[in-house]
>>> print(open('my_file_16.pdb').read())   # PDB, C-alpha atoms, pLDDT in the B column
MODEL        1
ATOM      1  CA  MET A  53      85.379 103.059 114.350  1.00 48.00           C
ATOM      2  CA  ALA A  54      85.112 106.344 112.482  1.00 47.00           C
ATOM      3  CA  SER A  55      85.135 105.018 108.957  1.00 50.00           C
ATOM      4  CA  ASP A  56      82.214 107.239 107.910  1.00 58.00           C
ATOM      5  CA  ASP A  57      84.273 110.294 108.821  1.00 76.00           C
ATOM      6  CA  ALA A  58      86.015 112.081 105.939  1.00 81.00           C
ATOM      7  CA  ASP A  59      89.231 112.506 107.967  1.00 85.00           C
ATOM      8  CA  PHE A  60      89.250 109.237 109.861  1.00 89.00           C
ATOM      9  CA  THR A  61      89.039 106.866 106.930  1.00 89.00           C
ATOM     10  CA  ASP A  62      89.624 103.141 107.376  1.00 86.00           C
ATOM     11  CA  GLU A  63      93.100 103.505 105.846  1.00 89.00           C
ATOM     12  CA  PHE A  64      94.001 106.364 108.177  1.00 92.00           C
ATOM     13  CA  CYS A  65      92.710 104.426 111.208  1.00 89.00           C
ATOM     14  CA  ARG A  66      94.798 101.432 110.138  1.00 87.00           C
ATOM     15  CA  PHE A  67      97.810 103.740 109.895  1.00 91.00           C
ATOM     16  CA  LEU A  68      97.129 105.050 113.415  1.00 91.00           C
ATOM     17  CA  GLN A  69      96.674 101.555 114.750  1.00 84.00           C
ATOM     18  CA  ASP A  70      99.870 100.322 113.152  1.00 84.00           C
ATOM     19  CA  ALA A  71     102.231 103.274 113.529  1.00 89.00           C
ATOM     20  CA  VAL A  72     100.915 105.570 116.267  1.00 90.00           C
ATOM     21  CA  PRO A  73     100.542 103.676 119.544  1.00 86.00           C
ATOM     22  CA  GLY A  74      99.722 106.771 121.613  1.00 88.00           C
ATOM     23  CA  VAL A  75      99.288 110.514 121.648  1.00 89.00           C
ATOM     24  CA  ASP A  76     102.942 111.034 122.609  1.00 90.00           C
ATOM     25  CA  ALA A  77     103.955 109.039 119.520  1.00 92.00           C
ATOM     26  CA  ALA A  78     101.697 111.271 117.415  1.00 93.00           C
ATOM     27  CA  GLU A  79     103.365 114.381 118.887  1.00 92.00           C
ATOM     28  CA  LEU A  80     106.764 112.910 118.121  1.00 93.00           C
ATOM     29  CA  LEU A  81     105.859 112.069 114.541  1.00 95.00           C
ATOM     30  CA  LEU A  82     104.451 115.547 113.985  1.00 94.00           C
ATOM     31  CA  LEU A  83     107.639 117.110 115.375  1.00 93.00           C
ATOM     32  CA  LEU A  84     109.714 115.102 112.918  1.00 94.00           C
ATOM     33  CA  GLN A  85     107.352 115.986 110.106  1.00 94.00           C
ATOM     34  CA  ARG A  86     107.413 119.728 110.877  1.00 92.00           C
ATOM     35  CA  GLU A  87     111.201 119.762 110.960  1.00 91.00           C
ATOM     36  CA  SER A  88     111.819 117.249 108.219  1.00 90.00           C
ATOM     37  CA  ALA A  89     115.074 118.914 107.152  1.00 90.00           C
ATOM     38  CA  ARG A  90     116.932 117.834 110.275  1.00 90.00           C
ATOM     39  CA  ALA A  91     117.740 114.461 111.769  1.00 92.00           C
ATOM     40  CA  TRP A  92     116.985 113.647 115.402  1.00 92.00           C
ATOM     41  CA  SER A  93     118.364 111.434 118.116  1.00 92.00           C
ATOM     42  CA  ALA A  94     115.892 110.056 120.667  1.00 91.00           C
ATOM     43  CA  ARG A  95     117.201 112.444 123.316  1.00 90.00           C
ATOM     44  CA  GLU A  96     116.909 115.508 121.077  1.00 91.00           C
ATOM     45  CA  ALA A  97     113.413 114.585 119.953  1.00 90.00           C
ATOM     46  CA  ALA A  98     112.203 113.947 123.511  1.00 89.00           C
ATOM     47  CA  ALA A  99     113.635 117.279 124.655  1.00 88.00           C
ATOM     48  CA  ALA A 100     112.138 119.222 121.737  1.00 88.00           C
ATOM     49  CA  LEU A 101     108.558 118.101 122.314  1.00 83.00           C
ATOM     50  CA  ALA A 102     105.983 120.579 123.577  1.00 71.00           C
ATOM     51  CA  PRO A 103     106.285 121.422 127.314  1.00 73.00           C
ATOM     52  CA  GLY A 104     103.161 119.468 128.166  1.00 73.00           C
ATOM     53  CA  VAL A 105     104.518 116.260 126.630  1.00 73.00           C
ATOM     54  CA  THR A 106     106.700 114.169 128.886  1.00 77.00           C
ATOM     55  CA  LEU A 107     108.444 111.423 127.001  1.00 83.00           C
ATOM     56  CA  SER A 108     111.549 109.642 128.215  1.00 86.00           C
ATOM     57  CA  GLU A 109     114.502 109.133 125.931  1.00 88.00           C
ATOM     58  CA  ALA A 110     113.864 105.372 125.954  1.00 90.00           C
ATOM     59  CA  GLU A 111     110.207 105.803 124.974  1.00 90.00           C
ATOM     60  CA  ALA A 112     111.127 108.266 122.247  1.00 91.00           C
ATOM     61  CA  GLY A 113     113.721 105.784 120.969  1.00 92.00           C
ATOM     62  CA  ARG A 114     111.115 103.040 120.894  1.00 91.00           C
ATOM     63  CA  HIS A 115     108.657 105.194 118.950  1.00 93.00           C
ATOM     64  CA  LEU A 116     111.388 106.338 116.539  1.00 93.00           C
ATOM     65  CA  GLU A 117     112.394 102.743 115.880  1.00 93.00           C
ATOM     66  CA  GLY A 118     108.734 101.936 115.207  1.00 92.00           C
ATOM     67  CA  PHE A 119     108.567 104.803 112.718  1.00 94.00           C
ATOM     68  CA  ARG A 120     111.744 103.568 111.038  1.00 94.00           C
ATOM     69  CA  VAL A 121     110.468 100.001 110.707  1.00 93.00           C
ATOM     70  CA  ARG A 122     107.241 101.319 109.148  1.00 92.00           C
ATOM     71  CA  GLY A 123     109.074 103.491 106.633  1.00 93.00           C
ATOM     72  CA  LEU A 124     108.215 106.897 108.080  1.00 94.00           C
ATOM     73  CA  VAL A 125     111.771 107.925 108.921  1.00 94.00           C
ATOM     74  CA  VAL A 126     115.211 107.022 107.594  1.00 94.00           C
ATOM     75  CA  ALA A 127     118.423 106.602 109.558  1.00 92.00           C
ATOM     76  CA  GLU A 128     121.357 108.883 108.817  1.00 90.00           C
ATOM     77  CA  ALA A 129     124.954 107.706 108.963  1.00 88.00           C
ATOM     78  CA  ASP A 130     125.300 108.941 112.563  1.00 89.00           C
ATOM     79  CA  GLY A 131     122.222 106.980 113.670  1.00 88.00           C
ATOM     80  CA  ARG A 132     119.926 109.995 113.881  1.00 91.00           C
ATOM     81  CA  LEU A 133     116.558 109.673 112.211  1.00 94.00           C
ATOM     82  CA  ARG A 134     115.017 112.011 109.689  1.00 94.00           C
ATOM     83  CA  TYR A 135     111.396 112.203 108.522  1.00 95.00           C
ATOM     84  CA  GLU A 136     111.184 110.782 105.027  1.00 94.00           C
ATOM     85  CA  PRO A 137     108.169 108.571 104.274  1.00 94.00           C
ATOM     86  CA  ALA A 138     108.968 105.634 102.042  1.00 93.00           C
ATOM     87  CA  ALA A 139     105.711 105.979 100.100  1.00 92.00           C
ATOM     88  CA  GLU A 140     103.209 108.690  99.277  1.00 93.00           C
ATOM     89  CA  PRO A 141     100.305 107.071 101.196  1.00 92.00           C
ATOM     90  CA  LEU A 142     102.397 107.236 104.385  1.00 93.00           C
ATOM     91  CA  ALA A 143     103.167 110.918 103.759  1.00 94.00           C
ATOM     92  CA  GLN A 144      99.475 111.542 103.130  1.00 94.00           C
ATOM     93  CA  HIS A 145      98.516 109.838 106.397  1.00 94.00           C
ATOM     94  CA  ALA A 146     101.087 111.933 108.267  1.00 94.00           C
ATOM     95  CA  ARG A 147      99.613 115.103 106.710  1.00 94.00           C
ATOM     96  CA  THR A 148      96.143 113.973 107.760  1.00 95.00           C
ATOM     97  CA  LEU A 149      97.481 113.358 111.263  1.00 95.00           C
ATOM     98  CA  ASP A 150      98.823 116.918 111.338  1.00 95.00           C
ATOM     99  CA  LYS A 151      95.480 118.264 110.156  1.00 94.00           C
ATOM    100  CA  VAL A 152      93.320 116.374 112.650  1.00 95.00           C
ATOM    101  CA  TYR A 153      95.775 117.100 115.453  1.00 93.00           C
ATOM    102  CA  ARG A 154      95.284 120.828 114.867  1.00 92.00           C
ATOM    103  CA  GLU A 155      91.588 120.799 114.043  1.00 93.00           C
ATOM    104  CA  ARG A 156      90.102 117.890 116.015  1.00 92.00           C
ATOM    105  CA  PRO A 157      92.516 116.898 118.788  1.00 92.00           C
ATOM    106  CA  VAL A 158      89.884 115.397 121.089  1.00 92.00           C
ATOM    107  CA  THR A 159      88.551 113.128 118.357  1.00 93.00           C
ATOM    108  CA  LEU A 160      92.100 112.109 117.450  1.00 93.00           C
ATOM    109  CA  ILE A 161      92.917 111.149 121.046  1.00 91.00           C
ATOM    110  CA  ARG A 162      89.687 109.166 121.356  1.00 89.00           C
ATOM    111  CA  VAL A 163      90.382 107.333 118.114  1.00 90.00           C
ATOM    112  CA  ILE A 164      94.005 106.524 118.998  1.00 89.00           C
ATOM    113  CA  TYR A 165      93.107 105.038 122.373  1.00 85.00           C
ATOM    114  CA  GLY A 166      89.932 103.477 121.015  1.00 82.00           C
ATOM    115  CA  LEU A 167      91.973 101.639 118.401  1.00 77.00           C
ATOM    116  CA  ARG A 168      94.452 100.494 121.019  1.00 72.00           C
ATOM    117  CA  ASP A 169      91.683  99.026 123.173  1.00 72.00           C
ATOM    118  CA  LYS A 170      90.277  97.404 120.072  1.00 73.00           C
ATOM    119  CA  LYS A 171      93.138  94.912 119.958  1.00 74.00           C
ATOM    120  CA  ILE A 172      92.286  93.490 123.358  1.00 75.00           C
ATOM    121  CA  ARG A 173      88.547  93.689 122.750  1.00 77.00           C
ATOM    122  CA  SER A 174      88.972  91.832 119.461  1.00 81.00           C
ATOM    123  CA  PHE A 175      90.473  88.930 121.409  1.00 83.00           C
ATOM    124  CA  ALA A 176      87.325  88.621 123.503  1.00 81.00           C
ATOM    125  CA  ASP A 177      85.091  89.194 120.470  1.00 83.00           C
ATOM    126  CA  ALA A 178      86.829  86.341 118.640  1.00 87.00           C
ATOM    127  CA  PHE A 179      85.050  83.883 120.931  1.00 86.00           C
ATOM    128  CA  LYS A 180      81.593  85.160 120.130  1.00 82.00           C
ATOM    129  CA  LEU A 181      80.028  82.502 117.963  1.00 79.00           C
ATOM    130  CA  ARG A 182      77.533  84.850 116.345  1.00 73.00           C
ATOM    131  CA  ARG A 183      78.312  88.293 115.078  1.00 62.00           C
ATOM    132  CA  LYS A 184      75.982  91.127 116.029  1.00 54.00           C
TER     133      LYS A 184
ATOM    134  CA  MET B 296      87.770  55.096 133.997  1.00 71.00           C
ATOM    135  CA  HIS B 297      88.744  54.586 130.385  1.00 83.00           C
ATOM    136  CA  THR B 298      85.451  56.165 129.256  1.00 89.00           C
ATOM    137  CA  VAL B 299      85.988  59.202 131.481  1.00 91.00           C
ATOM    138  CA  THR B 300      89.504  59.663 130.101  1.00 91.00           C
ATOM    139  CA  PHE B 301      88.166  59.283 126.573  1.00 93.00           C
ATOM    140  CA  VAL B 302      85.456  61.915 127.111  1.00 94.00           C
ATOM    141  CA  LEU B 303      87.729  64.401 128.907  1.00 94.00           C
ATOM    142  CA  THR B 304      90.614  64.243 126.447  1.00 94.00           C
ATOM    143  CA  SER B 305      88.238  64.367 123.469  1.00 95.00           C
ATOM    144  CA  LEU B 306      86.487  67.412 124.895  1.00 96.00           C
ATOM    145  CA  ALA B 307      89.825  69.106 125.571  1.00 96.00           C
ATOM    146  CA  ALA B 308      90.983  68.520 121.983  1.00 96.00           C
ATOM    147  CA  LEU B 309      87.668  69.649 120.500  1.00 97.00           C
ATOM    148  CA  THR B 310      87.507  72.766 122.682  1.00 96.00           C
ATOM    149  CA  SER B 311      91.021  73.900 121.832  1.00 96.00           C
ATOM    150  CA  ALA B 312      90.408  73.170 118.139  1.00 97.00           C
ATOM    151  CA  GLY B 313      87.228  75.253 118.347  1.00 96.00           C
ATOM    152  CA  CYS B 314      89.116  78.152 119.943  1.00 95.00           C
ATOM    153  CA  MET B 315      91.761  77.874 117.225  1.00 96.00           C
ATOM    154  CA  LEU B 316      89.137  78.079 114.470  1.00 96.00           C
ATOM    155  CA  LEU B 317      87.362  81.032 116.106  1.00 95.00           C
ATOM    156  CA  LEU B 318      90.631  82.919 116.473  1.00 95.00           C
ATOM    157  CA  PHE B 319      91.652  82.237 112.863  1.00 95.00           C
ATOM    158  CA  ARG B 320      88.203  83.371 111.746  1.00 94.00           C
ATOM    159  CA  ALA B 321      88.537  86.596 113.744  1.00 92.00           C
ATOM    160  CA  TYR B 322      92.024  87.153 112.347  1.00 93.00           C
ATOM    161  CA  ALA B 323      90.745  86.709 108.784  1.00 93.00           C
ATOM    162  CA  ARG B 324      88.058  89.284 109.512  1.00 87.00           C
ATOM    163  CA  THR B 325      90.116  91.926 111.314  1.00 84.00           C
ATOM    164  CA  GLY B 326      93.726  91.323 110.258  1.00 85.00           C
ATOM    165  CA  LEU B 327      94.895  91.955 113.836  1.00 85.00           C
ATOM    166  CA  ARG B 328      98.107  90.062 114.410  1.00 87.00           C
ATOM    167  CA  LEU B 329      97.347  89.572 118.094  1.00 89.00           C
ATOM    168  CA  LEU B 330      94.644  87.167 116.941  1.00 92.00           C
ATOM    169  CA  LEU B 331      97.059  85.369 114.617  1.00 94.00           C
ATOM    170  CA  TRP B 332      99.532  84.704 117.439  1.00 94.00           C
ATOM    171  CA  SER B 333      96.692  83.610 119.699  1.00 94.00           C
ATOM    172  CA  ALA B 334      95.385  81.282 116.991  1.00 96.00           C
ATOM    173  CA  LEU B 335      98.869  79.796 116.533  1.00 97.00           C
ATOM    174  CA  CYS B 336      99.015  79.283 120.292  1.00 97.00           C
ATOM    175  CA  PHE B 337      95.815  77.263 120.058  1.00 97.00           C
ATOM    176  CA  VAL B 338      97.227  75.252 117.143  1.00 97.00           C
ATOM    177  CA  PHE B 339      99.842  73.931 119.557  1.00 97.00           C
ATOM    178  CA  LEU B 340      97.380  73.586 122.429  1.00 97.00           C
ATOM    179  CA  THR B 341      95.226  71.493 120.098  1.00 97.00           C
ATOM    180  CA  ALA B 342      98.266  69.423 119.140  1.00 97.00           C
ATOM    181  CA  ASN B 343      98.985  68.976 122.837  1.00 97.00           C
ATOM    182  CA  ASN B 344      95.445  67.779 123.527  1.00 96.00           C
ATOM    183  CA  VAL B 345      95.419  65.429 120.524  1.00 96.00           C
ATOM    184  CA  LEU B 346      98.709  63.978 121.743  1.00 96.00           C
ATOM    185  CA  LEU B 347      97.171  63.651 125.213  1.00 95.00           C
ATOM    186  CA  PHE B 348      94.279  61.713 123.689  1.00 95.00           C
ATOM    187  CA  PHE B 349      96.705  59.373 121.930  1.00 93.00           C
ATOM    188  CA  ASP B 350      98.843  59.063 125.034  1.00 92.00           C
ATOM    189  CA  LEU B 351      96.022  58.182 127.424  1.00 91.00           C
ATOM    190  CA  VAL B 352      93.359  56.583 125.224  1.00 91.00           C
ATOM    191  CA  VAL B 353      94.993  55.062 122.135  1.00 91.00           C
ATOM    192  CA  PHE B 354      98.316  54.035 123.701  1.00 88.00           C
ATOM    193  CA  PRO B 355      97.569  53.745 127.433  1.00 85.00           C
ATOM    194  CA  GLY B 356     100.464  51.391 128.097  1.00 80.00           C
ATOM    195  CA  PRO B 357     103.848  52.508 129.443  1.00 82.00           C
ATOM    196  CA  GLU B 358     105.728  51.466 126.292  1.00 85.00           C
ATOM    197  CA  ILE B 359     104.680  54.618 124.415  1.00 87.00           C
ATOM    198  CA  ASP B 360     105.105  57.906 126.250  1.00 88.00           C
ATOM    199  CA  LEU B 361     104.310  61.130 124.407  1.00 90.00           C
ATOM    200  CA  ARG B 362     104.956  63.391 127.383  1.00 92.00           C
ATOM    201  CA  VAL B 363     108.007  65.075 125.852  1.00 94.00           C
ATOM    202  CA  TYR B 364     106.088  65.942 122.680  1.00 95.00           C
ATOM    203  CA  ARG B 365     103.143  67.218 124.694  1.00 95.00           C
ATOM    204  CA  LEU B 366     105.368  69.441 126.787  1.00 96.00           C
ATOM    205  CA  ALA B 367     107.111  70.721 123.656  1.00 97.00           C
ATOM    206  CA  ALA B 368     103.745  71.596 122.106  1.00 96.00           C
ATOM    207  CA  ASN B 369     102.709  73.353 125.321  1.00 96.00           C
ATOM    208  CA  LEU B 370     105.934  75.332 125.393  1.00 97.00           C
ATOM    209  CA  ALA B 371     105.473  76.412 121.761  1.00 97.00           C
ATOM    210  CA  ALA B 372     101.888  77.458 122.533  1.00 97.00           C
ATOM    211  CA  VAL B 373     102.895  79.599 125.488  1.00 96.00           C
ATOM    212  CA  LEU B 374     105.734  81.200 123.520  1.00 96.00           C
ATOM    213  CA  PHE B 375     103.370  82.199 120.702  1.00 94.00           C
ATOM    214  CA  LEU B 376     100.881  83.661 123.169  1.00 92.00           C
ATOM    215  CA  LEU B 377     103.582  85.539 125.077  1.00 92.00           C
ATOM    216  CA  TYR B 378     105.013  86.961 121.867  1.00 91.00           C
ATOM    217  CA  GLY B 379     101.587  88.105 120.740  1.00 88.00           C
ATOM    218  CA  PHE B 380     100.658  89.745 124.019  1.00 85.00           C
ATOM    219  CA  ILE B 381     104.019  91.455 124.490  1.00 85.00           C
ATOM    220  CA  TRP B 382     104.554  92.747 120.960  1.00 81.00           C
ATOM    221  CA  GLU B 383     101.035  93.271 119.656  1.00 76.00           C
ATOM    222  CA  ALA B 384      98.969  94.291 122.652  1.00 61.00           C
ATOM    223  CA  GLU B 385     100.921  97.456 123.524  1.00 57.00           C
TER     224      GLU B 385
ENDMDL
END
>>> encode(input="my_file_16.pdb", output="structure tokens")
Amino acid sequence: MASDDADFTDEFCRFLQDAVPGVDAAELLLLLQRESARAWSAREAAAALAPGVTLSEAEAGRHLEGFRVRGLVVAEADGRLRYEPAAEPLAQHARTLDKVYRERPVTLIRVIYGLRDKKIRSFADAFKLRRK
Amino acid sequence: MHTVTFVLTSLAALTSAGCMLLLFRAYARTGLRLLLWSALCFVFLTANNVLLFFDLVVFPGPEIDLRVYRLAANLAAVLFLLYGFIWEAE
């Protein structure tokens, strides 16, 4: 999609596609990243998001579980989750996300939703016998 | 009648096998798991149609009935497709 862009590399787009299903998930991940010293429950994280972001506790919990499965956060003994990427590439992608969120939010939103649509479009494209 | 059954069941098996191959090809190209689950769905739909061919063309008599196996293959196909669309298409 934006693979010729220095920020939106193929690897970063794959990260977005895999770990960041929507803009609210991106906001949540950035919140956890900014305050990486503390651990969050779904309710706390949903309440701490920017005023313009409305995310239910259940949705926040779903996103947090997705982050945990993908190695972006770790669970504390009390079940709260703390930002701690399992590998440096993940941390690098999260830093890139922070950067593009601040500098190029419109492009980021377009890419996130463009990648989401891509899954469904790829299903239809699979039945094209010849590639363009 | 036998010829019509032969043509229809053959076409059904070939079409579903073609869809399966196209979906596997797209999965190999993109790595999107939605396509993998869809391809696996078509593996079982192809199995269902091959079994249908055997049931109606090769063994048309009542002594061999593959209906249970066909239904099982159909069920597996639908489950794969449902899983893919629920968990991967969000």
>>> interface_residues(input="my_file_16.pdb", of="chain A", to="chain B", cutoff="10 Å", atoms="only C-alpha atoms", output="PyMOL selection string")
chain A and resi 69-70+73-74+168-172+174-181
>>> atom_distance(input="my_file_16.pdb", atom1="CA of Cys65 in chain A", atom2="CA of Leu335 in chain B")
25.9 Å
>>> resolve_selection(input="my_file_16.pdb", expression="the PyMOL selection byres ((chain B and resi 365) around 12)", output="PyMOL selection string")
chain B and resi 339-351+360-364+366-372
>>> closest_residue(input="my_file_16.pdb", among="B:Trp332, B:Gly356, B:Leu306, B:Val299", to="Ile381 in chain B", atoms="all atoms listed in the file")
B:Trp332
>>> atom_distance(input="my_file_16.pdb", atom1="CA of Ile161 in chain A", atom2="CA of Leu83 in chain A")
16.9 Å
>>> residues_near_point(input="my_file_16.pdb", point="(110.0, 100.9, 108.0)", cutoff="12 Å", atoms="all atoms listed in the file", output="ChimeraX atom specification")
/A:70-71,115-127,133,135-139,142
>>> axis_aligned_box(input="my_file_16.pdb", around="range 82-95 of chain A", padding_each_side="4 Å", output="JSON")
{"center_x": 111.4, "center_y": 114.9, "center_z": 115.2, "size_x": 21.9, "size_y": 17.7, "size_z": 24.2}
>>> closest_residue(input="my_file_16.pdb", among="A:Arg162, A:Arg90, A:Gln85, A:Asp76", to="Ala102 in chain A", atoms="all atoms listed in the file")
A:Asp76
>>> residues_around(input="my_file_16.pdb", residues="Ala146 in chain A", least_positions_apart="4", cutoff="10 Å", atoms="only C-alpha atoms", output="ChimeraX atom specification")
/A:64,67-68,78,81-82,85,124,137,140-142,150-152
>>> decode(input="my_file_16.pdb", residues="range 142-165 of chain A", atoms="C-alpha atoms", output="PDB file, in the first residue's frame")
ATOM      1  CA  LEU A 142       7.998  -4.806  17.868  1.00  0.00           C
ATOM      2  CA  ALA A 143       9.297  -1.926  20.005  1.00  0.00           C
ATOM      3  CA  GLN A 144      10.590  -0.231  16.863  1.00  0.00           C
ATOM      4  CA  HIS A 145       7.207  -0.580  15.149  1.00  0.00           C
ATOM      5  CA  ALA A 146       5.483   0.887  18.210  1.00  0.00           C
ATOM      6  CA  ARG A 147       7.901   3.853  18.132  1.00  0.00           C
ATOM      7  CA  THR A 148       7.155   4.328  14.438  1.00  0.00           C
ATOM      8  CA  LEU A 149       3.444   4.213  15.246  1.00  0.00           C
ATOM      9  CA  ASP A 150       3.956   6.964  17.824  1.00  0.00           C
ATOM     10  CA  LYS A 151       5.888   9.043  15.309  1.00  0.00           C
ATOM     11  CA  VAL A 152       3.389   8.748  12.458  1.00  0.00           C
ATOM     12  CA  TYR A 153       0.481   9.266  14.843  1.00  0.00           C
ATOM     13  CA  ARG A 154       1.940  12.640  15.830  1.00  0.00           C
ATOM     14  CA  GLU A 155       3.277  13.699  12.448  1.00  0.00           C
ATOM     15  CA  ARG A 156       0.956  12.115   9.866  1.00  0.00           C
ATOM     16  CA  PRO A 157      -2.294  11.095  11.567  1.00  0.00           C
ATOM     17  CA  VAL A 158      -4.452  11.266   8.438  1.00  0.00           C
ATOM     18  CA  THR A 159      -2.119   8.984   6.504  1.00  0.00           C
ATOM     19  CA  LEU A 160      -1.996   6.585   9.452  1.00  0.00           C
ATOM     20  CA  ILE A 161      -5.796   6.367   9.641  1.00  0.00           C
ATOM     21  CA  ARG A 162      -6.051   5.798   5.891  1.00  0.00           C
ATOM     22  CA  VAL A 163      -3.432   3.064   6.024  1.00  0.00           C
ATOM     23  CA  ILE A 164      -5.000   1.293   9.019  1.00  0.00           C
ATOM     24  CA  TYR A 165      -8.448   1.148   7.437  1.00  0.00           C
TER      25      TYR A 165
END
